[in-house]
Amino acid sequence: MIIIGEKINGVIPATKQAIAERDGGYISGLAVKQAEAGANYIDVCAGTDPELEVDALQWLMGVVQDAVELPLCIDSPNPEVIARVFPLARRDGIINSVSAEGNKCGILYPLVQGTAWQVIGLTCDDRGVPGDVQTRVEIAKQLVMKAAEFGIAPDRLHIDPLVITLATDHESLLKFVAATREIKALYPPIKITSGLSNISFGMPLRRVVNQSFLTMAMFAGMDSAILDPCNQEMLATLLANEALLGRDRLCRKFANAYRSGRIGQKR
C-alpha cells in the first residue's frame with residue numbers, strides 16, 4: 001500500500017498558520033514525522049489564496065525537500081500553479097491532480113512525459129463529480145487514453161473514483177468499490193487511490209468510519225491513499241490489512257511496526 005502523507009496541507013488550521021508565518025521548523029517537523037511513520041510520498045498543498053499559492057508552494061517544497069528524502073506529491077486544484085512549481089521538485093514524485101475538467105490533462109501530462117512521474121486522476125469533469133459508477137468509469141477511460149497520447153502508461157496513474165461523503169450518499173462506499181473493480185478490470189496495472197477521510201465528513205466517530213473504509217477499499221483493490229501516517233490506529237489498520245491480504249510475508253512488517261512503536265502505543 002502506497003502511503004501519501006496528508007499533514008502538510010493549508011486546509012489544516014495549524015499548518016495554515018505555519019505557512020502564513022513561514023514557520024519552517026513546524027513544516028519540516030511534519031515532514032520528518034510522516035517519513036518516520038512510513039509515508040512513501042509527502043503531499044504538499046498550500047491551500048491558500050490563489051494569488052499567494054505559487055509562492056507558498058515553492059516555499060513548502062523547499063522546506064520539505066530539505067527535511068526528508070521522500071518524493072513529493074505536488075497538490076493544487078490549479079494546473080497552472082503545478083506547472084510553475086514543478087521544476088523545483090528534486091526527484092520524481094506524484095502530481096495531484098488531473099481530471100477531465102477544462103484542459104488539465106493538456107497542461108499537466110506534458111510535464112511528466114518521458115519521466116517516471118506519476119499522476120493522480122480524478123473521475124470528474126466540467127459537470128462535477130458524477131453520482132453514478134458508469135460515468136466515473138468513462139472519465140477514467142478518458143484520462144487513460146489522454147495519458148497514452150503522452151506516453152504515460154496506466155501503471156503511472158492513480159485513479160481516484162472520488163468517494164462521496166457517506167452522510168450525503170449512503171451508497172458511497174458501494175459505488176467506490178464498484179468503480180474500483182471496473183477500472184481495475186479494464187486496466188489491471190492501474191493504481192486506485194483516494195483521499196479517504198472524505199468518506200466520514202459530517203459524521204461522528206470519524207476515525208472508525210475512516211478505518212472501516214480503508215479496510216473495505218483495500219480489499220476491493222485500492223493501492224494508495226492520502227492519509228495521516230502518524231495516526232497509529234489508521235496505520236495499524238493499514239498494516240493489518242496488508243497482512244490479512246497476504247501482502248506481508250510472515251507478518252514481518254506488522255510485527256516490526258509494533259516492536260518499533262509505530263503502532264500499538266498507548267496514548
# chains A, B, ... in the order shown; residues from 1 in each chain; ligands from 1
$ select_by_dssp --residues "stretch 86-232 of chain A" --states "strand (DSSP E or B)" --output "NGL selection string"
:A and (94-100 or 118-125 or 128 or 157-160 or 191-192 or 224-227)
$ write_last_selection --atoms "N, CA and C atoms" --output "compact mmCIF listing (two decimals), in the first residue's frame"
# COMPACT_ATOMS: atom_id res chain seq x y z
N ILE A 94 4.65 12.58 -7.52
CA ILE A 94 3.27 12.45 -8.00
C ILE A 94 2.69 13.84 -8.19
N ILE A 95 1.95 14.02 -9.27
CA ILE A 95 1.18 15.24 -9.47
C ILE A 95 -0.25 14.99 -9.03
N ASN A 96 -0.78 15.89 -8.25
CA ASN A 96 -2.12 15.76 -7.70
C ASN A 96 -2.91 17.04 -7.97
N SER A 97 -3.64 17.13 -9.09
CA SER A 97 -4.11 16.01 -9.89
C SER A 97 -4.63 16.53 -11.22
N VAL A 98 -4.85 15.56 -12.15
CA VAL A 98 -5.55 15.86 -13.39
C VAL A 98 -7.00 15.41 -13.25
N SER A 99 -7.82 15.83 -14.18
CA SER A 99 -9.21 15.38 -14.27
C SER A 99 -9.67 15.69 -15.68
N ALA A 100 -10.92 15.43 -15.95
CA ALA A 100 -11.47 15.77 -17.27
C ALA A 100 -12.03 17.19 -17.29
N GLN A 118 4.43 10.11 -11.57
CA GLN A 118 3.10 9.52 -11.56
C GLN A 118 2.05 10.63 -11.41
N VAL A 119 0.81 10.29 -11.72
CA VAL A 119 -0.25 11.31 -11.73
C VAL A 119 -1.52 10.74 -11.09
N ILE A 120 -2.11 11.53 -10.21
CA ILE A 120 -3.44 11.20 -9.68
C ILE A 120 -4.48 11.76 -10.62
N GLY A 121 -5.44 10.92 -11.01
CA GLY A 121 -6.51 11.34 -11.91
C GLY A 121 -7.86 11.25 -11.23
N LEU A 122 -8.55 12.37 -11.15
CA LEU A 122 -9.87 12.40 -10.51
C LEU A 122 -10.97 12.14 -11.53
N THR A 123 -11.93 11.33 -11.16
CA THR A 123 -13.02 10.98 -12.09
C THR A 123 -14.14 12.01 -12.02
N CYS A 124 -13.78 13.24 -12.40
CA CYS A 124 -14.79 14.29 -12.50
C CYS A 124 -14.52 15.08 -13.77
N ASP A 125 -15.51 15.84 -14.21
CA ASP A 125 -15.35 16.65 -15.42
C ASP A 125 -16.00 18.01 -15.17
N GLY A 128 -18.87 18.29 -12.79
CA GLY A 128 -18.68 18.00 -11.38
C GLY A 128 -18.40 16.53 -11.13
N LEU A 157 -0.55 5.88 -13.36
CA LEU A 157 -1.75 6.63 -12.98
C LEU A 157 -2.35 6.09 -11.68
N HIS A 158 -2.74 7.00 -10.81
CA HIS A 158 -3.51 6.68 -9.62
C HIS A 158 -4.91 7.26 -9.85
N ILE A 159 -5.86 6.42 -10.19
CA ILE A 159 -7.21 6.91 -10.46
C ILE A 159 -8.00 6.98 -9.15
N ASP A 160 -8.60 8.13 -8.91
CA ASP A 160 -9.41 8.35 -7.71
C ASP A 160 -10.89 8.37 -8.11
N LYS A 191 -3.33 2.07 -10.74
CA LYS A 191 -3.47 2.17 -9.29
C LYS A 191 -4.76 2.92 -8.97
N ILE A 192 -5.39 2.51 -7.89
CA ILE A 192 -6.58 3.20 -7.39
C ILE A 192 -6.20 3.90 -6.10
N SER A 224 -3.31 2.97 -3.11
CA SER A 224 -2.67 4.10 -2.43
C SER A 224 -3.74 4.95 -1.79
N ALA A 225 -3.32 5.79 -0.85
CA ALA A 225 -4.27 6.68 -0.19
C ALA A 225 -3.55 7.87 0.40
N ILE A 226 -4.22 9.00 0.39
CA ILE A 226 -3.72 10.19 1.06
C ILE A 226 -4.28 10.13 2.48
N LEU A 227 -3.40 9.94 3.44
CA LEU A 227 -3.84 9.76 4.83
C LEU A 227 -2.77 10.24 5.79
$ residues_around --residues "A:Arg181" --least-positions-apart "5" --cutoff "12 Å" --atoms "only C-alpha atoms" --output "short mmCIF file (atom, residue, chain, number, x, y, z; two decimals) with N, CA and C atoms, in the first residue's frame"
data_model
loop_
_atom_site.label_atom_id
_atom_site.label_comp_id
_atom_site.auth_asym_id
_atom_site.auth_seq_id
_atom_site.Cartn_x
_atom_site.Cartn_y
_atom_site.Cartn_z
N VAL A 133 -21.72 5.21 -11.02
CA VAL A 133 -20.47 4.49 -11.24
C VAL A 133 -20.01 4.58 -12.68
N GLN A 134 -20.92 4.38 -13.62
CA GLN A 134 -20.51 4.25 -15.01
C GLN A 134 -19.86 5.52 -15.56
N ARG A 136 -18.12 7.64 -13.85
CA ARG A 136 -16.76 7.69 -13.30
C ARG A 136 -15.82 6.77 -14.09
N VAL A 137 -16.32 5.62 -14.45
CA VAL A 137 -15.50 4.69 -15.23
C VAL A 137 -15.19 5.28 -16.61
N ILE A 159 -5.86 6.42 -10.19
CA ILE A 159 -7.21 6.91 -10.46
C ILE A 159 -8.00 6.98 -9.15
N PRO A 161 -11.64 7.30 -7.76
CA PRO A 161 -13.06 7.27 -8.10
C PRO A 161 -13.92 8.23 -7.27
N LEU A 174 -20.19 1.66 -1.71
CA LEU A 174 -20.55 0.66 -2.71
C LEU A 174 -20.21 1.15 -4.11
N LYS A 175 -20.43 2.43 -4.37
CA LYS A 175 -20.10 2.99 -5.67
C LYS A 175 -18.59 3.05 -5.88
N PHE A 176 -17.86 3.41 -4.83
CA PHE A 176 -16.40 3.44 -4.91
C PHE A 176 -15.86 2.05 -5.23
N LEU A 186 -10.51 -3.16 -16.45
CA LEU A 186 -10.13 -2.59 -17.74
C LEU A 186 -8.62 -2.39 -17.86
N TYR A 187 -8.00 -1.95 -16.76
CA TYR A 187 -6.58 -1.62 -16.76
C TYR A 187 -5.92 -2.24 -15.52
N PRO A 188 -5.57 -3.51 -15.55
CA PRO A 188 -5.01 -4.17 -14.37
C PRO A 188 -3.79 -3.48 -13.76
N ILE A 190 -3.21 -0.35 -13.43
CA ILE A 190 -3.51 0.97 -12.89
C ILE A 190 -3.59 0.93 -11.38
N LYS A 191 -3.33 2.07 -10.74
CA LYS A 191 -3.47 2.17 -9.29
C LYS A 191 -4.76 2.92 -8.97
N ILE A 192 -5.39 2.51 -7.89
CA ILE A 192 -6.58 3.20 -7.39
C ILE A 192 -6.20 3.90 -6.10
N ALA A 217 -11.95 -0.70 1.15
CA ALA A 217 -11.38 -0.20 -0.10
C ALA A 217 -10.13 -0.98 -0.50
N MET A 218 -9.30 -1.33 0.48
CA MET A 218 -8.11 -2.14 0.18
C MET A 218 -8.51 -3.52 -0.32
N PHE A 219 -9.53 -4.09 0.27
CA PHE A 219 -9.99 -5.40 -0.17
C PHE A 219 -10.52 -5.33 -1.60
N ALA A 220 -11.12 -4.18 -1.96
CA ALA A 220 -11.67 -4.01 -3.32
C ALA A 220 -10.57 -3.74 -4.35
N GLY A 221 -9.36 -3.34 -3.87
CA GLY A 221 -8.27 -3.12 -4.82
C GLY A 221 -7.59 -1.77 -4.75
N MET A 222 -7.88 -0.96 -3.73
CA MET A 222 -7.22 0.34 -3.61
C MET A 222 -5.73 0.14 -3.32
#
$ select_by_dssp --residues "stretch 30-128 of chain A" --states "alpha helix (DSSP H)" --output "ChimeraX atom specification"
/A:30-37,50-67,79-85,104-112
$ write_last_selection --atoms "C-alpha atoms" --output "JSON list (two decimals), in the first residue's frame"
[["chain", "number", "residue", "atom", "x", "y", "z"],
["A", 30, "LEU", "CA", 5.62, 17.35, 9.99],
["A", 31, "ALA", "CA", 7.62, 16.01, 7.06],
["A", 32, "VAL", "CA", 10.04, 14.10, 9.29],
["A", 33, "LYS", "CA", 7.28, 12.62, 11.45],
["A", 34, "GLN", "CA", 5.41, 11.36, 8.39],
["A", 35, "ALA", "CA", 8.57, 9.90, 6.87],
["A", 36, "GLU", "CA", 9.41, 8.11, 10.13],
["A", 37, "ALA", "CA", 5.84, 6.80, 10.35],
["A", 50, "PRO", "CA", -4.83, 31.75, -5.41],
["A", 51, "GLU", "CA", -2.62, 34.83, -5.73],
["A", 52, "LEU", "CA", -0.38, 33.57, -2.91],
["A", 53, "GLU", "CA", -0.36, 29.88, -3.82],
["A", 54, "VAL", "CA", 2.71, 29.72, -6.05],
["A", 55, "ASP", "CA", 4.96, 31.47, -3.53],
["A", 56, "ALA", "CA", 3.62, 29.35, -0.64],
["A", 57, "LEU", "CA", 4.01, 26.10, -2.56],
["A", 58, "GLN", "CA", 7.55, 26.97, -3.64],
["A", 59, "TRP", "CA", 8.45, 27.61, -0.01],
["A", 60, "LEU", "CA", 6.79, 24.38, 1.17],
["A", 61, "MET", "CA", 8.59, 22.31, -1.43],
["A", 62, "GLY", "CA", 11.96, 23.71, -0.41],
["A", 63, "VAL", "CA", 11.39, 23.14, 3.31],
["A", 64, "VAL", "CA", 10.11, 19.58, 2.87],
["A", 65, "GLN", "CA", 12.84, 18.54, 0.44],
["A", 66, "ASP", "CA", 15.50, 19.89, 2.79],
["A", 67, "ALA", "CA", 13.98, 17.88, 5.64],
["A", 79, "PRO", "CA", -2.80, 23.11, -13.10],
["A", 80, "GLU", "CA", -1.02, 26.38, -13.90],
["A", 81, "VAL", "CA", 0.27, 26.53, -10.33],
["A", 82, "ILE", "CA", 1.62, 22.98, -10.54],
["A", 83, "ALA", "CA", 3.29, 23.77, -13.86],
["A", 84, "ARG", "CA", 5.06, 26.77, -12.31],
["A", 85, "VAL", "CA", 6.42, 24.94, -9.25],
["A", 104, "LYS", "CA", -5.92, 19.99, -17.00],
["A", 105, "CYS", "CA", -4.65, 16.96, -18.92],
["A", 106, "GLY", "CA", -3.27, 19.16, -21.68],
["A", 107, "ILE", "CA", -1.30, 21.21, -19.17],
["A", 108, "LEU", "CA", -0.08, 18.53, -16.76],
["A", 109, "TYR", "CA", 0.51, 15.40, -18.85],
["A", 110, "PRO", "CA", 3.21, 17.09, -20.97],
["A", 111, "LEU", "CA", 5.11, 17.96, -17.78],
["A", 112, "VAL", "CA", 5.65, 14.30, -16.94]]
$ closest_residue --among "A:Gly264, A:Gly5, A:Gly131, A:Gly151" --to "A:Ser172" --atoms "only C-alpha atoms"
A:Gly131
$ closest_residue --among "A:Ser200, A:Ser28, A:Asn210, A:Ser76" --to "A:Thr48" --atoms "only C-alpha atoms"
A:Ser76
$ decode --residues "stretch 185-222 of chain A" --atoms "N, CA and C atoms" --output "short mmCIF file (atom, residue, chain, number, x, y, z; two decimals), in the first residue's frame"
data_model
loop_
_atom_site.label_atom_id
_atom_site.label_comp_id
_atom_site.auth_asym_id
_atom_site.auth_seq_id
_atom_site.Cartn_x
_atom_site.Cartn_y
_atom_site.Cartn_z
N ALA A 185 -10.47 -3.92 -13.80
CA ALA A 185 -10.70 -4.95 -14.81
C ALA A 185 -10.28 -4.46 -16.19
N LEU A 186 -10.51 -3.16 -16.45
CA LEU A 186 -10.13 -2.59 -17.74
C LEU A 186 -8.62 -2.39 -17.86
N TYR A 187 -8.00 -1.95 -16.76
CA TYR A 187 -6.58 -1.62 -16.76
C TYR A 187 -5.92 -2.24 -15.52
N PRO A 188 -5.57 -3.51 -15.55
CA PRO A 188 -5.01 -4.17 -14.37
C PRO A 188 -3.79 -3.48 -13.76
N PRO A 189 -2.88 -2.85 -14.54
CA PRO A 189 -1.71 -2.23 -13.91
C PRO A 189 -2.01 -0.91 -13.20
N ILE A 190 -3.21 -0.35 -13.43
CA ILE A 190 -3.51 0.97 -12.89
C ILE A 190 -3.59 0.93 -11.38
N LYS A 191 -3.33 2.07 -10.74
CA LYS A 191 -3.47 2.17 -9.29
C LYS A 191 -4.76 2.92 -8.97
N ILE A 192 -5.39 2.51 -7.89
CA ILE A 192 -6.58 3.20 -7.39
C ILE A 192 -6.20 3.90 -6.10
N THR A 193 -6.64 5.14 -5.96
CA THR A 193 -6.31 5.91 -4.77
C THR A 193 -7.55 6.61 -4.22
N SER A 194 -7.38 7.25 -3.09
CA SER A 194 -8.46 8.08 -2.54
C SER A 194 -7.93 8.98 -1.44
N GLY A 195 -8.64 10.10 -1.25
CA GLY A 195 -8.46 10.90 -0.05
C GLY A 195 -9.49 10.38 0.93
N LEU A 196 -9.12 9.34 1.65
CA LEU A 196 -10.13 8.50 2.31
C LEU A 196 -10.93 9.20 3.41
N SER A 197 -10.38 10.25 4.02
CA SER A 197 -11.12 10.89 5.10
C SER A 197 -12.37 11.63 4.62
N ASN A 198 -12.50 11.81 3.30
CA ASN A 198 -13.71 12.44 2.76
C ASN A 198 -14.96 11.63 3.09
N ILE A 199 -14.82 10.32 3.23
CA ILE A 199 -15.98 9.45 3.46
C ILE A 199 -16.71 9.81 4.75
N SER A 200 -16.00 10.32 5.75
CA SER A 200 -16.58 10.49 7.08
C SER A 200 -16.99 11.92 7.41
N PHE A 201 -16.83 12.84 6.46
CA PHE A 201 -17.12 14.24 6.75
C PHE A 201 -18.56 14.40 7.25
N GLY A 202 -18.71 15.13 8.37
CA GLY A 202 -20.03 15.38 8.91
C GLY A 202 -20.59 14.27 9.78
N MET A 203 -19.77 13.24 10.03
CA MET A 203 -20.25 12.11 10.82
C MET A 203 -19.53 12.04 12.17
N PRO A 204 -20.16 11.44 13.17
CA PRO A 204 -19.46 11.18 14.43
C PRO A 204 -18.49 10.02 14.26
N LEU A 205 -17.57 9.87 15.20
CA LEU A 205 -16.61 8.76 15.19
C LEU A 205 -15.93 8.62 13.82
N ARG A 206 -15.39 9.72 13.34
CA ARG A 206 -14.82 9.74 12.01
C ARG A 206 -13.70 8.72 11.85
N ARG A 207 -12.89 8.53 12.90
CA ARG A 207 -11.77 7.59 12.78
C ARG A 207 -12.28 6.18 12.52
N VAL A 208 -13.37 5.80 13.18
CA VAL A 208 -13.93 4.46 12.98
C VAL A 208 -14.40 4.30 11.54
N VAL A 209 -15.10 5.31 11.04
CA VAL A 209 -15.59 5.26 9.66
C VAL A 209 -14.42 5.20 8.68
N ASN A 210 -13.39 6.03 8.92
CA ASN A 210 -12.23 6.05 8.02
C ASN A 210 -11.51 4.71 8.00
N GLN A 211 -11.33 4.11 9.18
CA GLN A 211 -10.63 2.82 9.24
C GLN A 211 -11.44 1.72 8.57
N SER A 212 -12.75 1.76 8.73
CA SER A 212 -13.60 0.76 8.08
C SER A 212 -13.55 0.93 6.57
N PHE A 213 -13.59 2.18 6.12
CA PHE A 213 -13.50 2.43 4.68
C PHE A 213 -12.17 1.94 4.13
N LEU A 214 -11.08 2.22 4.85
CA LEU A 214 -9.76 1.79 4.40
C LEU A 214 -9.72 0.27 4.21
N THR A 215 -10.26 -0.46 5.16
CA THR A 215 -10.26 -1.92 5.08
C THR A 215 -11.03 -2.41 3.85
N MET A 216 -12.24 -1.88 3.66
CA MET A 216 -13.07 -2.34 2.54
C MET A 216 -12.50 -1.90 1.19
N ALA A 217 -11.95 -0.70 1.15
CA ALA A 217 -11.38 -0.20 -0.10
C ALA A 217 -10.13 -0.98 -0.50
N MET A 218 -9.30 -1.33 0.48
CA MET A 218 -8.11 -2.14 0.18
C MET A 218 -8.51 -3.52 -0.32
N PHE A 219 -9.53 -4.09 0.27
CA PHE A 219 -9.99 -5.40 -0.17
C PHE A 219 -10.52 -5.33 -1.60
N ALA A 220 -11.12 -4.18 -1.96
CA ALA A 220 -11.67 -4.01 -3.32
C ALA A 220 -10.57 -3.74 -4.35
N GLY A 221 -9.36 -3.34 -3.87
CA GLY A 221 -8.27 -3.12 -4.82
C GLY A 221 -7.59 -1.77 -4.75
N MET A 222 -7.88 -0.96 -3.73
CA MET A 222 -7.22 0.34 -3.61
C MET A 222 -5.73 0.14 -3.32
#
